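Reviewing the structure listed below.
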2 protein chains.
Amino acid sequence: MQSTESKFKTSASEVSQTGRTLLNLRGMLLRGDFQPGERISELPLVARLGVSRTPIRLALDRLSHEGLLEASPTGGFVVRAFTLEDIWDAIETRGVLEGAAARLAAERLEHDSELTQLREYRDEMDAMILQNDDPDKFAEPDIDSYARYLDLNEAFHSEIVTLAKSSMLRRTLQQVTSVPFASPSALLYVRSKLPRAPHMYAVSHEHHRSIVEAIEQRQGTRAEAVAREHSRMTRRNVEVALSDTSILSGVPGASLIKVPAAV
Amino acid sequence: MQSTESKFKTSASEVSQTGRTLLNLRGMLLRGDFQPGERISELPLVARLGVSRTPIRLALDRLSHEGLLEASPTGGFVVRAFTLEDIWDAIETRGVLEGAAARLAAERLEHDSELTQLREYRDEMDAMILQNDDPDKFAEPDIDSYARYLDLNEAFHSEIVTLAKSSMLRRTLQQVTSVPFASPSALLYVRSKLPRAPHMYAVSHEHHRSIVEAIEQRQGTRAEAVAREHSRMTRRNVEVALSDTSILSGVPGASLIKVPAAV
DNA sequence: AACTCGTGCTTTGCATGCAAGATTGGCCGG
DNA sequence: CCGGCCAATCTTGCATGCAAAGCACGAGTT
């Protein structure tokens, strides 16, 4: 099977076997195809993914660096089980790092024009939230605008890291946000299910506005504090999600959480 | 060469080929065997390290995760070049994370007895510094006590992270401190070369004392601020080191720094 | 003389073979 | 009846073969 039938790019624009395998495995893990603590054997994956053991091993190794897998002392890899404490700590750590990013963004701002992009994101989210509050439109959160808001939120957070001008910080944050639930937009989906969703969006967006204001006025300490507090909103979303399994099942990586009652 | 002559553990107690190769390569990189930006070919390493390409590739992949190498878009790996800004940012990021660790240690302290280990480290370092100030002994920094101080310093910082009770934070810090010069004890060697070394040690240790005191009195904000400031002392050490090439050459990873004048 | 194309070599990415070690099942002894 | 020990199988880690993709150097053309 070495060179025969080699030129079929299955679905995405992934070229290397390792890259495709990495995406596939990560998806399988976050979708819950494996139980936490389960040992991952390579041979079954050969059949399932259609690649040889080499790229599979590479991908497993990377996933263990990401934190989704753990290297077993006897060899091989085991699906990582996340405790609730792990989730809280990941969120707290992300808050610390995003706080630092916001502070650095304020401290290192040179020209006001650097904020153009960030303001655009803020304004567009602003408009969406106001529109959502409009009693005539009755807050119909259609799937398109929801996805748009998700993208905007992610872009907003990413832009702050860009403004911090610290590649070290970006690298570090990327590692932290690879933990399920730790990403800033991982649980926006949950929030949309809440009865008080409009209020939550309002609070969250007020944070965004405050962060932009703090940065443009070079108020590093304020920017750091608000960004930290902003990240802590995620915690409440997780708590709500955990109390409602119907919500939880829709969140990637939920199956990797070790709920006390279930053990 | 598959199974023949396989049972010779070269020097250390490393068992797996990959592990040995990883340590070897990291050592070679930090020792400066490669130029920053240089492409790392696998085949020469086969001859040089005496293992096949498979463990070499694994080790290279891990080093690229650590940040010492970069994956080239065309394939293969390239030695990472660190700018001065990268170093500052790594130190800043470490400070942020160690600050968070100190704060969490204070916030999460349950019993005073948890501080026993930390106090022991502090006291022993205390004794060493007082002894060093003794005019009779005239501050002869023999190599043994220097190594002991290094270990103590490292253990002290590690213990604070332990007290933070956050495995996420520990993982994140480990990634940051893998960057050359970012580790808390990476540049203690430089400090020992400075004319004002005794004063530097005094200040640094006063930080240690303050951090312990803040933790035991549950003063999270104070602990965080002092730990951040403590990490920033590293920056001055780097600046001094950069001005004296004879000092710099003794520091691991120094060759990976891209000095503006040299480019 | 310079630019472009082609050819050969180097290098990487992947597949696979092989042996050492772990794991599981069964068998024997207590 | 239960526990421990041994053997067979499965699994991983490593070495190596092979092909495709770069890369460099040189030749031919304008």
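Scheme for the structure tokens: letters A, B, ... for chains in order shown; per-chain residue numbers from 1; ligand numbers from 1 in order shown.
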
Tell me, counting only C-alpha atoms, for each residue of chain B within 10 Å of chain A, which pair of atoms is nearest and how far apart they are in Å to one decimal, in rows ordered by chain and increasing number, as JSON lines.
{"residue": "B:Thr54", "atom": "CA", "partner": "A:Thr54", "partner_atom": "CA", "distance": 9.1}
{"residue": "B:Arg57", "atom": "CA", "partner": "A:Leu58", "partner_atom": "CA", "distance": 9.3}
{"residue": "B:Leu58", "atom": "CA", "partner": "A:Leu58", "partner_atom": "CA", "distance": 7.4}
{"residue": "B:Asp61", "atom": "CA", "partner": "A:Arg62", "partner_atom": "CA", "distance": 8.2}
{"residue": "B:Arg62", "atom": "CA", "partner": "A:Arg62", "partner_atom": "CA", "distance": 8.0}
{"residue": "B:His65", "atom": "CA", "partner": "A:His65", "partner_atom": "CA", "distance": 7.5}
{"residue": "B:Glu66", "atom": "CA", "partner": "A:His65", "partner_atom": "CA", "distance": 9.3}
{"residue": "B:Gly67", "atom": "CA", "partner": "A:Arg171", "partner_atom": "CA", "distance": 9.1}
{"residue": "B:Glu85", "atom": "CA", "partner": "A:Ser166", "partner_atom": "CA", "distance": 8.0}
{"residue": "B:Asp86", "atom": "CA", "partner": "A:Met168", "partner_atom": "CA", "distance": 6.6}
{"residue": "B:Ile87", "atom": "CA", "partner": "A:Met168", "partner_atom": "CA", "distance": 8.7}
{"residue": "B:Trp88", "atom": "CA", "partner": "A:Ser166", "partner_atom": "CA", "distance": 9.2}
{"residue": "B:Asp89", "atom": "CA", "partner": "A:Ser166", "partner_atom": "CA", "distance": 5.9}
{"residue": "B:Ala90", "atom": "CA", "partner": "A:Met168", "partner_atom": "CA", "distance": 5.8}
{"residue": "B:Ile91", "atom": "CA", "partner": "A:Met168", "partner_atom": "CA", "distance": 9.4}
{"residue": "B:Glu92", "atom": "CA", "partner": "A:Leu169", "partner_atom": "CA", "distance": 8.9}
{"residue": "B:Thr93", "atom": "CA", "partner": "A:Leu169", "partner_atom": "CA", "distance": 6.4}
{"residue": "B:Arg94", "atom": "CA", "partner": "A:Leu169", "partner_atom": "CA", "distance": 9.5}
{"residue": "B:Val96", "atom": "CA", "partner": "A:Ala100", "partner_atom": "CA", "distance": 7.0}
{"residue": "B:Leu97", "atom": "CA", "partner": "A:Val96", "partner_atom": "CA", "distance": 7.4}
{"residue": "B:Gly99", "atom": "CA", "partner": "A:Val96", "partner_atom": "CA", "distance": 9.4}
{"residue": "B:Ala100", "atom": "CA", "partner": "A:Val96", "partner_atom": "CA", "distance": 7.0}
{"residue": "B:Ala101", "atom": "CA", "partner": "A:Thr93", "partner_atom": "CA", "distance": 9.5}
{"residue": "B:Leu104", "atom": "CA", "partner": "A:Glu92", "partner_atom": "CA", "distance": 9.9}
{"residue": "B:Ala164", "atom": "CA", "partner": "A:Asp89", "partner_atom": "CA", "distance": 9.9}
{"residue": "B:Lys165", "atom": "CA", "partner": "A:Asp89", "partner_atom": "CA", "distance": 8.9}
{"residue": "B:Ser166", "atom": "CA", "partner": "A:Asp89", "partner_atom": "CA", "distance": 6.0}
{"residue": "B:Ser167", "atom": "CA", "partner": "A:Asp86", "partner_atom": "CA", "distance": 7.2}
{"residue": "B:Met168", "atom": "CA", "partner": "A:Ala90", "partner_atom": "CA", "distance": 5.8}
{"residue": "B:Leu169", "atom": "CA", "partner": "A:Thr93", "partner_atom": "CA", "distance": 6.3}
{"residue": "B:Arg171", "atom": "CA", "partner": "A:Val176", "partner_atom": "CA", "distance": 9.0}
{"residue": "B:Thr172", "atom": "CA", "partner": "A:Thr172", "partner_atom": "CA", "distance": 6.8}
{"residue": "B:Leu173", "atom": "CA", "partner": "A:Thr172", "partner_atom": "CA", "distance": 8.7}
{"residue": "B:Gln175", "atom": "CA", "partner": "A:Thr172", "partner_atom": "CA", "distance": 7.5}
{"residue": "B:Val176", "atom": "CA", "partner": "A:Thr172", "partner_atom": "CA", "distance": 7.1}
{"residue": "B:Val179", "atom": "CA", "partner": "A:Met168", "partner_atom": "CA", "distance": 9.2}

Those same residues - N, CA and C atoms - I'd like them written as an mmCIF file, in the first residue's frame.
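Okay, result14.cif is ready:
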data_model
loop_
_atom_site.group_PDB
_atom_site.id
_atom_site.type_symbol
_atom_site.label_atom_id
_atom_site.label_comp_id
_atom_site.auth_asym_id
_atom_site.auth_seq_id
_atom_site.Cartn_x
_atom_site.Cartn_y
_atom_site.Cartn_z
ATOM 1 N N THR B 54 14.149 6.877 13.750
ATOM 2 C CA THR B 54 12.859 6.933 14.443
ATOM 3 C C THR B 54 12.933 7.673 15.780
ATOM 4 N N ARG B 57 13.677 11.336 15.229
ATOM 5 C CA ARG B 57 12.527 12.122 14.779
ATOM 6 C C ARG B 57 11.586 12.434 15.941
ATOM 7 N N LEU B 58 11.366 11.432 16.785
ATOM 8 C CA LEU B 58 10.518 11.650 17.962
ATOM 9 C C LEU B 58 11.081 12.769 18.835
ATOM 10 N N ASP B 61 10.680 16.158 17.294
ATOM 11 C CA ASP B 61 9.294 16.611 17.406
ATOM 12 C C ASP B 61 9.037 17.188 18.791
ATOM 13 N N ARG B 62 9.536 16.504 19.808
ATOM 14 C CA ARG B 62 9.319 17.007 21.166
ATOM 15 C C ARG B 62 10.027 18.332 21.377
ATOM 16 N N HIS B 65 8.089 21.081 20.193
ATOM 17 C CA HIS B 65 7.024 21.457 21.127
ATOM 18 C C HIS B 65 7.582 22.291 22.265
ATOM 19 N N GLU B 66 8.771 21.940 22.689
ATOM 20 C CA GLU B 66 9.395 22.691 23.782
ATOM 21 C C GLU B 66 9.754 24.093 23.352
ATOM 22 N N GLY B 67 9.981 24.270 22.069
ATOM 23 C CA GLY B 67 10.291 25.596 21.579
ATOM 24 C C GLY B 67 11.740 25.779 21.191
ATOM 25 N N GLU B 85 13.882 40.134 22.815
ATOM 26 C CA GLU B 85 12.485 40.314 23.199
ATOM 27 C C GLU B 85 11.875 38.978 23.651
ATOM 28 N N ASP B 86 12.238 37.902 22.972
ATOM 29 C CA ASP B 86 11.731 36.599 23.382
ATOM 30 C C ASP B 86 12.139 36.293 24.819
ATOM 31 N N ILE B 87 13.395 36.623 25.140
ATOM 32 C CA ILE B 87 13.880 36.345 26.495
ATOM 33 C C ILE B 87 13.103 37.179 27.510
ATOM 34 N N TRP B 88 12.987 38.480 27.218
ATOM 35 C CA TRP B 88 12.236 39.332 28.157
ATOM 36 C C TRP B 88 10.817 38.797 28.331
ATOM 37 N N ASP B 89 10.192 38.450 27.218
ATOM 38 C CA ASP B 89 8.806 37.994 27.305
ATOM 39 C C ASP B 89 8.702 36.688 28.072
ATOM 40 N N ALA B 90 9.687 35.819 27.884
ATOM 41 C CA ALA B 90 9.647 34.563 28.617
ATOM 42 C C ALA B 90 9.789 34.815 30.110
ATOM 43 N N ILE B 91 10.681 35.733 30.464
ATOM 44 C CA ILE B 91 10.859 36.060 31.887
ATOM 45 C C ILE B 91 9.583 36.689 32.435
ATOM 46 N N GLU B 92 9.011 37.603 31.664
ATOM 47 C CA GLU B 92 7.768 38.248 32.102
ATOM 48 C C GLU B 92 6.658 37.212 32.298
ATOM 49 N N THR B 93 6.539 36.308 31.339
ATOM 50 C CA THR B 93 5.496 35.294 31.426
ATOM 51 C C THR B 93 5.735 34.371 32.625
ATOM 52 N N ARG B 94 6.994 34.026 32.834
ATOM 53 C CA ARG B 94 7.275 33.197 34.006
ATOM 54 C C ARG B 94 6.896 33.949 35.274
ATOM 55 N N VAL B 96 4.606 36.175 35.654
ATOM 56 C CA VAL B 96 3.152 36.178 35.782
ATOM 57 C C VAL B 96 2.669 34.850 36.348
ATOM 58 N N LEU B 97 3.237 33.772 35.841
ATOM 59 C CA LEU B 97 2.778 32.453 36.280
ATOM 60 C C LEU B 97 3.254 32.141 37.699
ATOM 61 N N GLY B 99 3.851 34.357 39.903
ATOM 62 C CA GLY B 99 3.025 35.206 40.749
ATOM 63 C C GLY B 99 1.685 34.546 41.032
ATOM 64 N N ALA B 100 1.092 34.002 39.998
ATOM 65 C CA ALA B 100 -0.182 33.316 40.180
ATOM 66 C C ALA B 100 -0.015 32.120 41.116
ATOM 67 N N ALA B 101 1.102 31.426 40.975
ATOM 68 C CA ALA B 101 1.346 30.274 41.844
ATOM 69 C C ALA B 101 1.441 30.715 43.303
ATOM 70 N N LEU B 104 -2.028 31.660 44.545
ATOM 71 C CA LEU B 104 -2.849 30.474 44.791
ATOM 72 C C LEU B 104 -2.357 29.729 46.022
ATOM 73 N N ALA B 164 0.518 25.636 45.187
ATOM 74 C CA ALA B 164 -0.582 26.221 44.421
ATOM 75 C C ALA B 164 -1.626 25.164 44.068
ATOM 76 N N LYS B 165 -1.217 23.905 44.151
ATOM 77 C CA LYS B 165 -2.159 22.806 43.938
ATOM 78 C C LYS B 165 -2.879 22.915 42.592
ATOM 79 N N SER B 166 -2.108 23.220 41.581
ATOM 80 C CA SER B 166 -2.700 23.332 40.245
ATOM 81 C C SER B 166 -1.771 22.659 39.245
ATOM 82 N N SER B 167 -2.178 21.497 38.797
ATOM 83 C CA SER B 167 -1.325 20.776 37.856
ATOM 84 C C SER B 167 -1.274 21.506 36.522
ATOM 85 N N MET B 168 -2.357 22.215 36.183
ATOM 86 C CA MET B 168 -2.331 22.998 34.952
ATOM 87 C C MET B 168 -1.230 24.050 35.005
ATOM 88 N N LEU B 169 -1.165 24.723 36.139
ATOM 89 C CA LEU B 169 -0.169 25.777 36.308
ATOM 90 C C LEU B 169 1.234 25.184 36.237
ATOM 91 N N ARG B 171 2.234 22.456 34.653
ATOM 92 C CA ARG B 171 2.510 22.118 33.251
ATOM 93 C C ARG B 171 2.880 23.362 32.454
ATOM 94 N N THR B 172 2.094 24.408 32.642
ATOM 95 C CA THR B 172 2.317 25.628 31.877
ATOM 96 C C THR B 172 3.675 26.238 32.205
ATOM 97 N N LEU B 173 3.990 26.265 33.483
ATOM 98 C CA LEU B 173 5.276 26.829 33.878
ATOM 99 C C LEU B 173 6.435 26.020 33.324
ATOM 100 N N GLN B 175 6.561 24.516 30.545
ATOM 101 C CA GLN B 175 6.793 24.880 29.153
ATOM 102 C C GLN B 175 7.556 26.193 29.065
ATOM 103 N N VAL B 176 7.164 27.159 29.874
ATOM 104 C CA VAL B 176 7.806 28.475 29.790
ATOM 105 C C VAL B 176 9.266 28.392 30.205
ATOM 106 N N VAL B 179 12.437 27.541 27.889
ATOM 107 C CA VAL B 179 13.133 28.522 27.062
ATOM 108 C C VAL B 179 14.448 28.898 27.749
#

Could you give me, as a tab-separated table (two decimals) with C-alpha atoms, in the first residue's frame, the residues within 8 Å of Met125 in chain A, counting only C-alpha atoms (C1' of nucleotides) and dropping anything in the same chain fewer than 6 positions from it?
chain	number	residue	atom	x	y	z
A	149	TYR	CA	-20.54	35.94	17.40
A	152	LEU	CA	-15.87	37.52	16.76
A	153	ASN	CA	-15.35	36.57	20.37
A	205	HIS	CA	-19.61	42.42	26.49

At a cut-off of 12 Å, using only C-alpha atoms (C1' of nucleotides), what residues contact His111 in chain A? Leave out same-chain residues fewer than 4 positions from it and give the result as a VMD selection string.
chain A and resid 105 to 107 115 to 116 163 215 to 218

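Here the question is which of C:DA1, C:DG17, C:DT7, C:DC27 gets nearest to chain B using only C-alpha atoms (C1' of nucleotides), and that residue is C:DG17.
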
Return as a PyMOL selection string the residues belonging to chain D that are within 8 Å of chain B, counting only C-alpha atoms (C1' of nucleotides).
chain D and resi 14-15+22

So that I have them on file, write out the residues from the current selection with N, CA and C atoms (P, O5', C5', C4', C3', O3' and C1' of nucleotides), as a compact mmCIF listing (two decimals), in the first residue's frame.
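To be explicit, this is the file written out as result-v5.txt:
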# COMPACT_ATOMS: atom_id res chain seq x y z
P DC D 14 12.46 3.63 21.58
O5' DC D 14 13.16 2.97 20.30
C5' DC D 14 13.88 1.77 20.50
C4' DC D 14 14.13 1.10 19.18
C3' DC D 14 14.82 1.97 18.13
O3' DC D 14 16.11 1.43 17.88
C1' DC D 14 13.04 0.70 17.19
P DA D 15 17.13 2.16 16.89
O5' DA D 15 16.99 1.30 15.56
C5' DA D 15 17.18 -0.10 15.63
C4' DA D 15 16.97 -0.75 14.28
C3' DA D 15 17.70 -0.08 13.11
O3' DA D 15 18.29 -1.08 12.30
C1' DA D 15 15.37 -0.15 12.66
P DG D 22 7.25 20.00 -2.06
O5' DG D 22 8.59 20.87 -1.88
C5' DG D 22 9.76 20.42 -2.46
C4' DG D 22 10.88 20.41 -1.41
C3' DG D 22 11.89 21.54 -1.58
O3' DG D 22 12.62 21.71 -0.39
C1' DG D 22 12.84 19.50 -2.30

Please measure the separation of CA of Val226 in chain A and CA of Ile211 in chain A, giving the value in Å to one decimal.
6.4 Å

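Interatomic distance, CA of Leu30 in chain B against CA of Pro198 in chain B: 28.1 Å.
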
Neighbours of chain A in chain C at 8 Å, counting only C-alpha atoms (C1' of nucleotides), as an MDAnalysis selection string
chainID C and resid 14:15 22

Mind listing the strand (DSSP E) residues of range 14-200 of chain B, per DSSP on the backbone, as an NGL selection string?
:B and (39-40 or 69-71 or 77-79 or 82-83)

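The interatomic distance for the pair CA of Glu159 in chain A and CA of Tyr121 in chain A works out to 9.2 Å.
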
Just the residues within 9 Å of DT11 in chain D, please, counting only C-alpha atoms (C1' of nucleotides), with nothing from its chain fewer than 5 positions along; format it as a count of residues only.
6

If you run DSSP on this backbone, which residues of range 13-169 of chain A come out as alpha helix (DSSP H), and could you give them as a PyMOL selection string?
chain A and resi 17-31+42-49+53-66+84-107+116-133+143-164+167-169

For DG6 in chain C, please output as an MDAnalysis selection string all residues within 12 Å (counting only C-alpha atoms (C1' of nucleotides); exclusion window: fewer than 2 positions along the same chain).
(chainID C and resid 4 8) or (chainID D and resid 24:28)

Go ahead and save the picked residues with C-alpha atoms (C1' of nucleotides), as a PDB file, in the first residue's frame.
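Contents of part.pdb, freshly written:
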ATOM      1  C1'  DT C   4      15.132  29.027 -17.175  1.00  0.00           C
ATOM      2  C1'  DG C   8      20.486  13.973 -10.253  1.00  0.00           C
TER       3       DG C   8
ATOM      4  C1'  DA D  24      21.293  22.337  -6.084  1.00  0.00           C
ATOM      5  C1'  DC D  25      23.995  22.454  -9.826  1.00  0.00           C
ATOM      6  C1'  DG D  26      24.695  22.604 -14.544  1.00  0.00           C
ATOM      7  C1'  DA D  27      23.355  22.956 -19.419  1.00  0.00           C
ATOM      8  C1'  DG D  28      20.882  24.977 -22.997  1.00  0.00           C
TER       9       DG D  28
END

For Gly250 in chain B, work out the shell of residues within 12 Å, counting only C-alpha atoms (C1' of nucleotides) and skipping chain neighbours fewer than 3 positions away, then give it as a PyMOL selection string.
chain B and resi 30-32+186-190+193+241-242+244-247+253-255
